[in-house]
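Colleague: Next comes work.txt, compact mmCIF, C-alpha atoms and all ligand atoms:
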# COMPACT_ATOMS: atom_id res chain seq x y z
CA MET A 1 -6.28 12.03 2.15
CA SER A 2 -5.85 14.49 -0.64
CA ARG A 3 -8.74 16.01 -2.49
CA PHE A 4 -7.53 14.33 -5.59
CA LEU A 5 -7.92 10.87 -4.14
CA ASN A 6 -11.33 11.79 -2.89
CA SER A 7 -12.63 12.99 -6.17
CA LYS A 8 -15.27 10.95 -7.84
CA LEU A 9 -13.45 11.14 -11.12
CA PHE A 10 -10.49 9.42 -9.64
CA ARG A 11 -12.61 6.72 -8.10
CA TYR A 12 -14.34 6.29 -11.39
CA LEU A 13 -11.14 5.62 -13.24
CA SER A 14 -9.70 3.19 -10.81
CA VAL A 15 -11.24 1.36 -7.96
CA PHE A 16 -8.42 1.19 -5.50
CA LEU A 17 -7.69 -1.38 -2.90
CA PHE A 18 -6.56 -1.20 0.62
CA LEU A 19 -4.64 -3.62 2.80
CA ASN A 20 -1.32 -2.81 1.27
CA PHE A 21 0.85 -5.14 3.20
CA THR A 22 4.47 -5.71 2.43
CA THR A 23 4.89 -7.73 -0.68
CA PRO A 24 8.12 -9.45 -1.57
CA GLN A 25 9.63 -7.93 -4.68
CA ILE A 26 10.24 -11.13 -6.56
CA LYS A 27 7.29 -13.34 -7.20
CA SER A 28 7.35 -16.63 -8.96
CA SER A 29 3.81 -17.91 -9.37
CA SER A 30 0.63 -15.88 -9.57
CA ASP A 31 -0.88 -14.55 -6.36
CA LEU A 32 -4.31 -15.28 -7.76
CA ALA A 33 -5.36 -18.66 -6.44
CA ALA A 34 -9.07 -18.85 -7.26
CA TRP A 35 -11.89 -16.64 -8.46
CA VAL A 36 -15.61 -16.83 -9.01
CA LEU A 37 -18.11 -14.42 -10.52
CA LYS A 38 -21.30 -15.45 -8.81
CA GLU A 39 -24.96 -15.51 -9.87
CA ASN A 40 -25.57 -12.24 -8.01
CA GLY A 41 -22.83 -10.36 -9.85
CA VAL A 42 -20.33 -10.56 -6.99
CA LEU A 43 -16.75 -11.34 -7.86
CA GLU A 44 -14.85 -13.22 -5.18
CA LEU A 45 -11.16 -13.86 -5.18
CA ARG A 46 -8.76 -15.94 -3.22
CA THR A 47 -5.14 -14.85 -3.35
CA LYS A 48 -1.92 -15.50 -1.54
CA SER A 49 -1.96 -13.84 1.84
CA ASN A 50 -1.13 -10.14 2.07
CA THR A 51 -0.96 -9.61 -1.62
CA ASN A 52 -1.04 -6.20 -3.22
CA LEU A 53 -3.90 -5.86 -5.66
CA LYS A 54 -4.79 -3.08 -8.01
CA ALA A 55 -8.14 -2.83 -9.66
CA TYR A 56 -9.25 -0.69 -12.59
CA PHE A 57 -12.31 0.13 -14.57
CA GLN A 58 -12.41 1.47 -18.08
CA LYS A 59 -15.39 2.55 -20.11
CA ALA A 60 -15.97 0.95 -23.48
CA ASN A 61 -13.97 2.13 -26.48
CA GLN A 62 -13.92 1.07 -30.14
CA LYS A 63 -12.03 -2.07 -29.36
CA TYR A 64 -13.46 -3.26 -26.07
CA GLY A 65 -16.63 -3.12 -24.03
CA ASP A 66 -16.59 -1.86 -20.45
CA ARG A 67 -13.79 -3.62 -18.66
CA PHE A 68 -12.91 -4.24 -15.07
CA TRP A 69 -9.55 -5.72 -14.31
CA ILE A 70 -7.36 -6.59 -11.41
CA ASP A 71 -3.60 -6.98 -11.46
CA PHE A 72 -1.90 -9.44 -9.15
CA PRO A 73 1.77 -9.96 -8.42
CA GLY A 74 3.24 -13.15 -9.83
CA GLU A 75 3.25 -14.62 -13.28
CA LEU A 76 0.40 -16.57 -14.73
CA ILE A 77 1.35 -19.94 -16.20
CA SER A 78 -1.29 -20.26 -18.89
CA PRO A 79 -3.17 -17.22 -20.21
CA ARG A 80 -6.73 -18.12 -21.14
CA THR A 81 -10.12 -16.75 -22.16
CA ILE A 82 -13.40 -17.90 -20.72
CA LYS A 83 -16.68 -17.24 -22.48
CA GLY A 84 -19.17 -15.18 -20.53
CA ASN A 85 -22.93 -15.17 -20.29
CA GLY A 86 -25.56 -12.63 -19.33
CA PRO A 87 -23.94 -9.18 -19.19
CA VAL A 88 -20.43 -10.64 -19.23
CA LYS A 89 -18.87 -10.95 -22.65
CA GLU A 90 -15.77 -12.78 -21.59
CA ILE A 91 -13.21 -13.19 -18.86
CA ARG A 92 -9.54 -13.22 -19.67
CA LEU A 93 -6.58 -14.24 -17.59
CA GLY A 94 -3.40 -12.84 -18.97
CA LYS A 95 0.05 -11.50 -18.25
CA PRO A 96 0.20 -7.79 -18.99
CA ASN A 97 3.93 -8.01 -18.43
CA SER A 98 6.26 -10.55 -16.97
CA GLY A 99 5.80 -11.23 -13.31
CA ARG A 100 2.17 -10.10 -13.25
CA THR A 101 -1.25 -11.63 -13.64
CA ARG A 102 -4.30 -9.79 -14.91
CA LEU A 103 -7.91 -10.86 -14.52
CA VAL A 104 -10.11 -8.98 -16.99
CA ILE A 105 -13.88 -9.01 -17.02
CA GLU A 106 -15.27 -7.55 -20.20
CA PHE A 107 -18.92 -6.62 -20.34
CA LYS A 108 -21.30 -6.66 -23.26
CA ASP A 109 -22.46 -3.43 -24.84
CA GLY A 110 -25.39 -1.79 -23.16
CA THR A 111 -24.67 -3.21 -19.73
CA PHE A 112 -25.24 -0.56 -17.12
CA LEU A 113 -22.42 -0.60 -14.63
CA ASN A 114 -22.37 1.76 -11.71
CA ALA A 115 -18.62 1.71 -11.23
CA LEU A 116 -18.79 4.73 -8.95
CA THR A 117 -20.26 2.63 -6.22
CA TRP A 118 -17.88 -0.28 -6.61
CA LYS A 119 -15.93 -1.21 -3.56
CA MET A 120 -13.42 -3.97 -3.18
CA ILE A 121 -13.67 -5.49 0.24
CA GLY A 122 -10.93 -7.51 1.89
CA LEU A 123 -12.73 -10.39 3.58
CA ASP A 124 -9.59 -11.53 5.27
CA GLN A 125 -5.91 -11.82 4.48
CA ASN A 126 -6.45 -13.70 1.27
CA ARG A 127 -10.04 -13.26 0.20
CA TRP A 128 -11.72 -10.38 -1.57
CA ARG A 129 -15.09 -9.48 -2.93
CA ILE A 130 -16.61 -6.81 -5.12
CA LYS A 131 -20.15 -6.45 -6.36
CA LEU A 132 -19.97 -5.61 -10.06
CA PHE A 133 -23.56 -5.82 -11.26
CA THR A 134 -27.07 -6.94 -10.46
CA PRO A 135 -28.16 -9.41 -13.12
CA LYS A 136 -31.35 -8.45 -14.93
CA ASP A 137 -31.88 -11.94 -16.23
CA SER A 138 -30.13 -14.98 -14.96
CA PHE A 139 -26.38 -15.11 -14.86
CA LYS A 140 -24.55 -18.41 -14.62
CA LYS A 141 -21.60 -18.32 -12.33
CA ILE A 142 -18.12 -18.52 -13.80
CA GLY A 143 -15.02 -19.34 -11.86
CA GLU A 144 -11.89 -21.35 -11.33
CA GLY A 145 -10.79 -23.05 -8.13
CA SER A 146 -12.32 -22.74 -4.71
CA VAL A 147 -12.43 -19.27 -3.25
CA ASP A 148 -13.34 -20.57 0.18
CA LYS A 149 -10.24 -22.65 0.78
CA LYS A 150 -8.39 -21.38 3.81
CA ILE A 151 -4.71 -20.76 3.71
CA ILE A 152 -2.82 -21.09 6.92
CA ASN A 153 -0.11 -18.53 6.65
CA ASN A 154 2.80 -19.19 8.91
CA ASN A 155 5.27 -16.63 7.72
CA SER A 156 3.09 -13.60 8.12
CA ASN A 157 4.81 -11.38 10.61
CA GLN A 158 2.47 -8.43 10.45
CA ASN A 159 -0.68 -10.36 10.96
CA SER A 160 0.18 -12.41 13.97
CA SER A 161 -2.78 -11.09 15.90
CA TYR A 162 -5.12 -11.40 13.00
CA VAL A 163 -8.66 -12.22 14.00
CA ASP A 164 -9.70 -15.06 11.79
CA ASN A 165 -13.24 -14.04 11.09
CA SER A 166 -15.20 -14.25 7.94
CA PHE A 167 -16.28 -10.94 6.51
CA TYR A 168 -18.95 -12.47 4.38
CA ASP A 169 -21.74 -11.23 6.54
CA TYR A 170 -19.80 -8.19 7.52
CA MET A 171 -21.67 -5.66 5.51
CA GLN A 172 -24.85 -6.86 7.14
CA LEU A 173 -25.54 -4.53 10.02
CA PRO A 174 -27.90 -5.63 12.78
CA ASN A 175 -31.38 -4.16 12.92
CA VAL A 176 -32.72 -2.26 15.88
CA THR A 177 -36.16 -0.82 16.53
CA ARG A 178 -36.46 2.16 14.21
CA ASN A 179 -36.87 5.68 15.57
CA LYS A 180 -36.15 4.55 19.08
CA PHE A 181 -32.54 5.46 19.69
CA SER A 182 -30.59 8.65 19.67
CA VAL A 183 -26.82 8.58 19.32
CA VAL A 184 -24.28 11.38 19.52
CA ILE A 185 -21.10 10.91 17.52
CA ASP A 186 -18.28 13.23 18.45
CA PRO A 187 -15.54 13.64 15.86
CA GLY A 188 -12.52 14.61 17.95
CA HIS A 189 -10.75 17.98 17.56
CA GLY A 190 -11.47 20.26 14.58
CA GLY A 191 -10.70 23.71 13.26
CA LEU A 192 -7.55 25.15 14.72
CA ASP A 193 -6.97 21.96 16.66
CA PRO A 194 -6.08 19.28 14.11
CA GLY A 195 -5.42 16.64 16.77
CA ALA A 196 -2.69 14.17 16.00
CA ILE A 197 -0.54 14.73 12.94
CA GLY A 198 0.77 11.53 11.50
CA ILE A 199 3.02 10.21 8.80
CA GLY A 200 2.93 12.35 5.68
CA GLY A 201 0.94 15.03 7.48
CA ILE A 202 -2.24 13.01 7.86
CA ARG A 203 -4.49 14.85 10.32
CA GLU A 204 -6.67 13.32 12.98
CA THR A 205 -9.40 15.91 12.54
CA ASP A 206 -9.91 14.98 8.88
CA VAL A 207 -9.85 11.24 9.43
CA VAL A 208 -12.26 11.22 12.36
CA LEU A 209 -14.70 13.65 10.74
CA GLU A 210 -14.97 11.49 7.68
CA VAL A 211 -15.38 8.32 9.72
CA SER A 212 -17.99 9.99 11.92
CA LYS A 213 -20.05 11.15 8.96
CA LYS A 214 -20.05 7.66 7.56
CA VAL A 215 -21.11 6.21 10.90
CA LYS A 216 -23.97 8.67 10.92
CA GLU A 217 -25.03 7.60 7.46
CA LEU A 218 -24.97 3.92 8.36
CA LEU A 219 -26.87 4.32 11.61
CA SER A 220 -29.40 6.64 10.01
CA GLU A 221 -30.18 3.91 7.48
CA LYS A 222 -31.10 1.73 10.43
CA GLY A 223 -33.51 4.28 11.83
CA VAL A 224 -31.21 5.56 14.55
CA LYS A 225 -31.23 9.29 15.14
CA VAL A 226 -27.64 10.48 14.93
CA SER A 227 -26.28 13.88 15.85
CA LEU A 228 -22.71 14.92 15.22
CA THR A 229 -21.10 17.38 17.61
CA ARG A 230 -19.46 18.98 14.58
CA GLU A 231 -20.12 18.59 10.86
CA ASN A 232 -17.09 20.44 9.58
CA GLU A 233 -13.77 21.96 10.53
CA VAL A 234 -14.72 24.07 13.49
CA ASN A 235 -13.02 24.58 16.77
CA LEU A 236 -15.20 23.05 19.40
CA ASP A 237 -14.41 22.96 23.05
CA LEU A 238 -15.01 19.85 25.07
CA ARG A 239 -17.69 21.37 27.27
CA PRO A 240 -20.21 22.14 24.47
CA ARG A 241 -19.74 18.63 23.11
CA VAL A 242 -20.87 17.24 26.42
CA SER A 243 -23.77 19.67 26.93
CA PHE A 244 -24.90 18.97 23.37
CA ALA A 245 -25.24 15.27 24.16
CA ASN A 246 -26.76 15.85 27.58
CA ASN A 247 -29.34 18.29 26.22
CA LEU A 248 -30.33 15.84 23.53
CA ASN A 249 -30.71 13.17 26.18
CA ALA A 250 -29.00 10.79 23.78
CA ASP A 251 -28.80 7.07 24.51
CA ILE A 252 -25.08 6.90 23.90
CA PHE A 253 -22.12 9.12 23.15
CA VAL A 254 -19.24 7.96 20.96
CA SER A 255 -16.16 10.11 20.57
CA ILE A 256 -13.93 9.14 17.65
CA HIS A 257 -10.20 9.80 17.70
CA ALA A 258 -6.96 8.61 16.17
CA ASN A 259 -3.78 8.23 18.13
CA ALA A 260 -0.24 9.51 17.99
CA SER A 261 2.63 7.99 19.90
CA ARG A 262 5.22 9.91 21.80
CA GLY A 263 8.22 10.47 19.60
CA LYS A 264 6.10 9.49 16.60
CA ARG A 265 7.30 5.91 16.68
CA LYS A 266 6.40 4.17 13.47
CA ASP A 267 6.41 0.78 15.15
CA ILE A 268 3.58 1.68 17.49
CA ASN A 269 0.18 0.77 16.10
CA GLY A 270 -3.03 -0.44 17.60
CA LEU A 271 -6.61 0.25 18.55
CA GLU A 272 -8.21 0.95 21.90
CA THR A 273 -11.56 1.97 23.27
CA PHE A 274 -12.17 3.80 26.55
CA TYR A 275 -15.23 4.06 28.73
CA PHE A 276 -15.61 5.97 31.96
CA LYS A 277 -17.77 3.74 34.10
CA GLY A 278 -20.70 1.34 34.18
CA TRP A 279 -21.46 -1.92 32.47
CA ARG A 280 -23.26 -0.18 29.62
CA GLY A 281 -20.27 1.92 28.72
CA ARG A 282 -18.07 -1.12 29.01
CA LEU A 283 -20.36 -3.21 26.84
CA LEU A 284 -20.49 -0.51 24.19
CA ALA A 285 -16.71 -0.17 24.27
CA LYS A 286 -16.24 -3.91 23.95
CA ARG A 287 -18.55 -4.18 20.96
CA ILE A 288 -16.87 -1.34 19.13
CA GLN A 289 -13.39 -2.56 19.94
CA LYS A 290 -14.23 -6.03 18.71
CA HIS A 291 -15.35 -4.81 15.32
CA ILE A 292 -12.68 -2.23 14.67
CA LEU A 293 -10.10 -4.93 15.32
CA ILE A 294 -11.71 -7.21 12.77
CA VAL A 295 -11.31 -4.63 10.02
CA SER A 296 -7.73 -3.82 11.09
CA PRO A 297 -5.93 -7.14 10.78
CA GLY A 298 -2.45 -7.10 12.27
CA SER A 299 -2.93 -3.95 14.27
CA PRO A 300 -2.52 -4.68 17.99
CA ASP A 301 -5.46 -4.88 20.35
CA ARG A 302 -4.68 -2.31 23.03
CA GLY A 303 -7.87 -3.24 24.74
CA VAL A 304 -10.98 -1.82 26.32
CA LYS A 305 -9.95 0.44 29.17
CA GLN A 306 -11.34 2.82 31.69
CA GLY A 307 -10.42 6.39 30.94
CA LYS A 308 -11.15 9.77 32.44
CA PHE A 309 -11.36 11.84 29.30
CA TYR A 310 -13.53 14.89 29.80
CA VAL A 311 -16.12 14.00 27.18
CA ILE A 312 -16.79 10.50 28.48
CA LYS A 313 -16.56 11.47 32.14
CA ASN A 314 -19.06 14.30 31.96
CA THR A 315 -21.69 12.93 29.63
CA ASP A 316 -24.81 11.58 31.33
CA MET A 317 -25.25 8.57 29.07
CA PRO A 318 -23.01 5.55 28.41
CA ALA A 319 -20.04 7.07 26.62
CA VAL A 320 -16.93 5.76 24.93
CA LEU A 321 -13.90 7.21 23.25
CA VAL A 322 -12.48 5.09 20.46
CA GLU A 323 -8.97 5.39 19.08
CA ILE A 324 -9.09 3.95 15.58
CA GLY A 325 -5.34 3.60 15.09
CA PHE A 326 -2.04 5.44 15.31
CA LEU A 327 -1.54 8.06 12.64
CA THR A 328 2.13 7.92 13.57
CA GLY A 329 2.27 4.15 13.12
CA ARG A 330 3.39 2.72 9.82
CA LEU A 331 0.70 0.08 9.59
CA ASP A 332 -2.23 2.13 10.88
CA SER A 333 -1.46 5.35 9.06
CA ARG A 334 -1.07 3.65 5.74
CA ARG A 335 -4.56 2.31 6.17
CA LEU A 336 -6.18 5.36 7.70
CA GLU A 337 -5.17 7.50 4.77
CA LYS A 338 -7.34 5.31 2.56
CA ASN A 339 -10.97 6.03 2.03
CA THR A 340 -11.83 2.37 1.89
CA HIS A 341 -10.34 1.67 5.28
CA ARG A 342 -12.07 4.66 6.83
CA GLU A 343 -15.31 3.28 5.51
CA ARG A 344 -14.58 -0.11 6.98
CA ILE A 345 -13.80 1.44 10.35
CA ALA A 346 -17.08 3.32 10.14
CA TYR A 347 -18.88 0.07 9.42
CA ALA A 348 -17.18 -1.51 12.38
CA ILE A 349 -18.13 1.31 14.75
CA ALA A 350 -21.70 1.31 13.44
CA LYS A 351 -21.84 -2.44 13.91
CA GLY A 352 -20.60 -2.20 17.48
CA ILE A 353 -23.15 0.51 18.27
CA LEU A 354 -26.03 -1.42 16.70
CA GLU A 355 -25.07 -4.59 18.54
CA TYR A 356 -25.04 -2.65 21.77
CA LEU A 357 -28.39 -1.02 21.07
CA SER A 358 -29.97 -4.34 20.18
CA LYS A 359 -28.70 -5.77 23.49
CA ILE A 360 -30.16 -3.04 25.65
CA GLU A 361 -33.50 -2.65 23.89
ZN ZN B 1 -7.72 12.86 19.54
Can you present the structure in this file as structure tokens?
Modeller:
Amino acid sequence: MSRFLNSKLFRYLSVFLFLNFTTPQIKSSSDLAAWVLKENGVLELRTKSNTNLKAYFQKANQKYGDRFWIDFPGELISPRTIKGNGPVKEIRLGKPNSGRTRLVIEFKDGTFLNALTWKMIGLDQNRWRIKLFTPKDSFKKIGEGSVDKKIINNNSNQNSSYVDNSFYDYMQLPNVTRNKFSVVIDPGHGGLDPGAIGIGGIRETDVVLEVSKKVKELLSEKGVKVSLTRENEVNLDLRPRVSFANNLNADIFVSIHANASRGKRKDINGLETFYFKGWRGRLLAKRIQKHILIVSPGSPDRGVKQGKFYVIKNTDMPAVLVEIGFLTGRLDSRRLEKNTHRERIAYAIAKGILEYLSKIE
């Protein structure tokens, strides 16, 4: 990911979405099927499956208050305006140009919106959520249609192995006893060894370092002591990674990598998690694998396997090596270059780790 995409300014101007699946070029009706802005300030959407959304935020100007809007493929039949309440001035459904639908939420003056922290989350193939504000006083929900209705999508080729799980509780990470566990996260490669180089030059070392840092942040919030084998782009041999973990007497060791296929085949995608031996390592691998698959719909499950990688073979504690996708694969690389997906992978790994820790405590 380029520095430009990472910059806060950029994120401030437009809150970008992930899950860019193939979208047919010609759309007849709007991809937006239902929406609701709930009492807690969370906007939920139901769309056609695998749609391509774009979301934007713009600060108030002379004409408008702060606005958040999302563009959907497909033309809206009847543009309309819905009166708001609380901090919401009004909600408009319009067609910015033919063949597109725009959902605009305009806020009243003086509403404090922390757009920097906004994150659109894909709950599954056709549902989305984003927390826009925390109501100071009461806010009455506004919406059209049912966002919960399931769509059975038969013509989705990319998502055949999609795990049909709800993400509603996904951001909820399990609790474990605080200050009890110590975890070593090992971002693969680094420095002169960039690891796999994928489509468009995406580098494994960058992806896994970012994911690892986020995992650390999430676990730390839960009172888990986390140590990274490297915090930046340094060359680090395998042996010191292992002795680092062994000296710390950590409870678990998780090495994070991204894959490359021989011949850089774009059709090879998927996720896999390795352990060396023991039921603990296997359990940890299974938990992590389960959750990374959930946030990577359509990417093949290459399974939980035994592996003899140096770092998992020589560490004293249960140890796994997770491959979060193929940087050479079209589907995986397109996702892994996005910040939002990296964050979701980090959530998934943290969730797997916390589930494991809560099982063994
Ligand atoms: Zn690697």
Colleague: Enter the distance from atom CA of A:Asp31 to atom CA of A:Glu75, in Å, rounded to one decimal.
Modeller: 8.1 Å
Colleague: Can you tell me, as a PyMOL selection string, which residues sit within 12 Å of (-26.1, 8.8, 7.5) in the file's frame, using all atoms listed in the file?
Modeller: chain A and resi 183+185+210-228+231+346-347+350
Colleague: Emit the selected residues as a JSON list (two decimals), in the coordinates of the input, including C-alpha atoms.
Modeller:
[["chain", "number", "residue", "atom", "x", "y", "z"],
["A", 183, "VAL", "CA", -26.82, 8.58, 19.32],
["A", 185, "ILE", "CA", -21.10, 10.91, 17.52],
["A", 210, "GLU", "CA", -14.97, 11.49, 7.68],
["A", 211, "VAL", "CA", -15.38, 8.32, 9.72],
["A", 212, "SER", "CA", -17.99, 9.99, 11.92],
["A", 213, "LYS", "CA", -20.05, 11.15, 8.96],
["A", 214, "LYS", "CA", -20.05, 7.66, 7.56],
["A", 215, "VAL", "CA", -21.11, 6.21, 10.90],
["A", 216, "LYS", "CA", -23.97, 8.67, 10.92],
["A", 217, "GLU", "CA", -25.03, 7.60, 7.46],
["A", 218, "LEU", "CA", -24.97, 3.92, 8.36],
["A", 219, "LEU", "CA", -26.87, 4.32, 11.61],
["A", 220, "SER", "CA", -29.40, 6.64, 10.01],
["A", 221, "GLU", "CA", -30.18, 3.91, 7.48],
["A", 222, "LYS", "CA", -31.10, 1.73, 10.43],
["A", 223, "GLY", "CA", -33.51, 4.28, 11.83],
["A", 224, "VAL", "CA", -31.21, 5.56, 14.55],
["A", 225, "LYS", "CA", -31.23, 9.29, 15.14],
["A", 226, "VAL", "CA", -27.64, 10.48, 14.93],
["A", 227, "SER", "CA", -26.28, 13.88, 15.85],
["A", 228, "LEU", "CA", -22.71, 14.92, 15.22],
["A", 231, "GLU", "CA", -20.12, 18.59, 10.86],
["A", 346, "ALA", "CA", -17.08, 3.32, 10.14],
["A", 347, "TYR", "CA", -18.88, 0.07, 9.42],
["A", 350, "ALA", "CA", -21.70, 1.31, 13.44]]
Colleague: Which residues are near ligand ZN 1 (chain B) - at most 9 Å, using only C-alpha atoms and all ligand atoms? Format: as a PyMOL selection string.
Modeller: chain A and resi 187-189+194-196+204-205+208+255-260+323
Colleague: What would the list of residues within 9 Å of (-7.6, -2.1, 17.3) (file frame) look like as a PyMOL selection string, if all atoms listed in the file are what count?
Modeller: chain A and resi 269-273+289-303+323-325
Colleague: Atom CA of A:Tyr56 and atom CA of A:Lys108, how far apart in Å?
Modeller: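 Atom CA of A:Tyr56 lies 17.2 Å from atom CA of A:Lys108.
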Colleague: Let me make sure I understand: among A:Asp71, A:Arg203, A:Met120, A:Val176, which one has the smallest atom-to-atom distance to A:Asn97 if we use all atoms listed in the file?
Modeller: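 Of the candidates, the smallest distance to A:Asn97 is held by A:Asp71.
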Colleague: Figure out the distance between atom CA of A:Ile345 and atom CA of A:Asp267, please, to one decimal in Å.
Modeller: 20.8 Å
Colleague: For A:Asn339, which residue out of A:Ile121, A:Leu236, A:Val88, A:Met317 is the nearest one, using all atoms listed in the file?
Modeller: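 Result for the nearest residue to A:Asn339: A:Ile121.
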Colleague: Extract, using only C-alpha atoms, all DNA, RNA and protein residues at most 10 Å from A:Arg100, discarding same-chain residues fewer than 2 positions from it, and format them as number ranges by chain.
Modeller: A: 27-32, 71-76, 94-98, 102
Colleague: Please provide as a CSV table (one decimal) with C-alpha atoms, keeping the file's coordinate frame all residues within 6 Å of A:Ile105, with the sequence filter that same-chain residues fewer than 3 positions apart are discarded (counting only C-alpha atoms).
Modeller:
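Result file follows (out.csv):
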chain,number,residue,atom,x,y,z
A,67,ARG,CA,-13.8,-3.6,-18.7
A,68,PHE,CA,-12.9,-4.2,-15.1
A,91,ILE,CA,-13.2,-13.2,-18.9
Colleague: Mind checking which residues fall within 12 Å of stretch 277-279 of chain A, counting only C-alpha atoms, ignoring those fewer than 6 positions away in the same chain, and posting them as JSON, numbers by chain?
Modeller: {"A": [285, 286, 304, 305, 306, 307, 308, 309, 312, 313, 314, 315, 316, 317, 318, 319, 320, 356, 360]}
Colleague: Could you check the closest approach to A:Phe112 for each of A:Lys63, A:Arg129, A:Arg282, A:Lys136 and tell me which residue wins, using all atoms listed in the file?
Modeller: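 Distance minimum relative to A:Phe112 lands on A:Lys136.
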Colleague: From the options A:Val42, A:Val147, A:Ile252, A:Leu116, which residue's atoms come nearest to A:Phe181, counting all atoms listed in the file?
Modeller: A:Ile252
Colleague: Considering all atoms listed in the file, state which residue in the set A:Leu37, A:Leu354, A:Ala245, A:Leu284 is at the smallest distance from A:Val322.
Modeller: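 Going through A:Leu37, A:Leu354, A:Ala245, A:Leu284 one by one, the smallest distance to A:Val322 is for A:Leu284.
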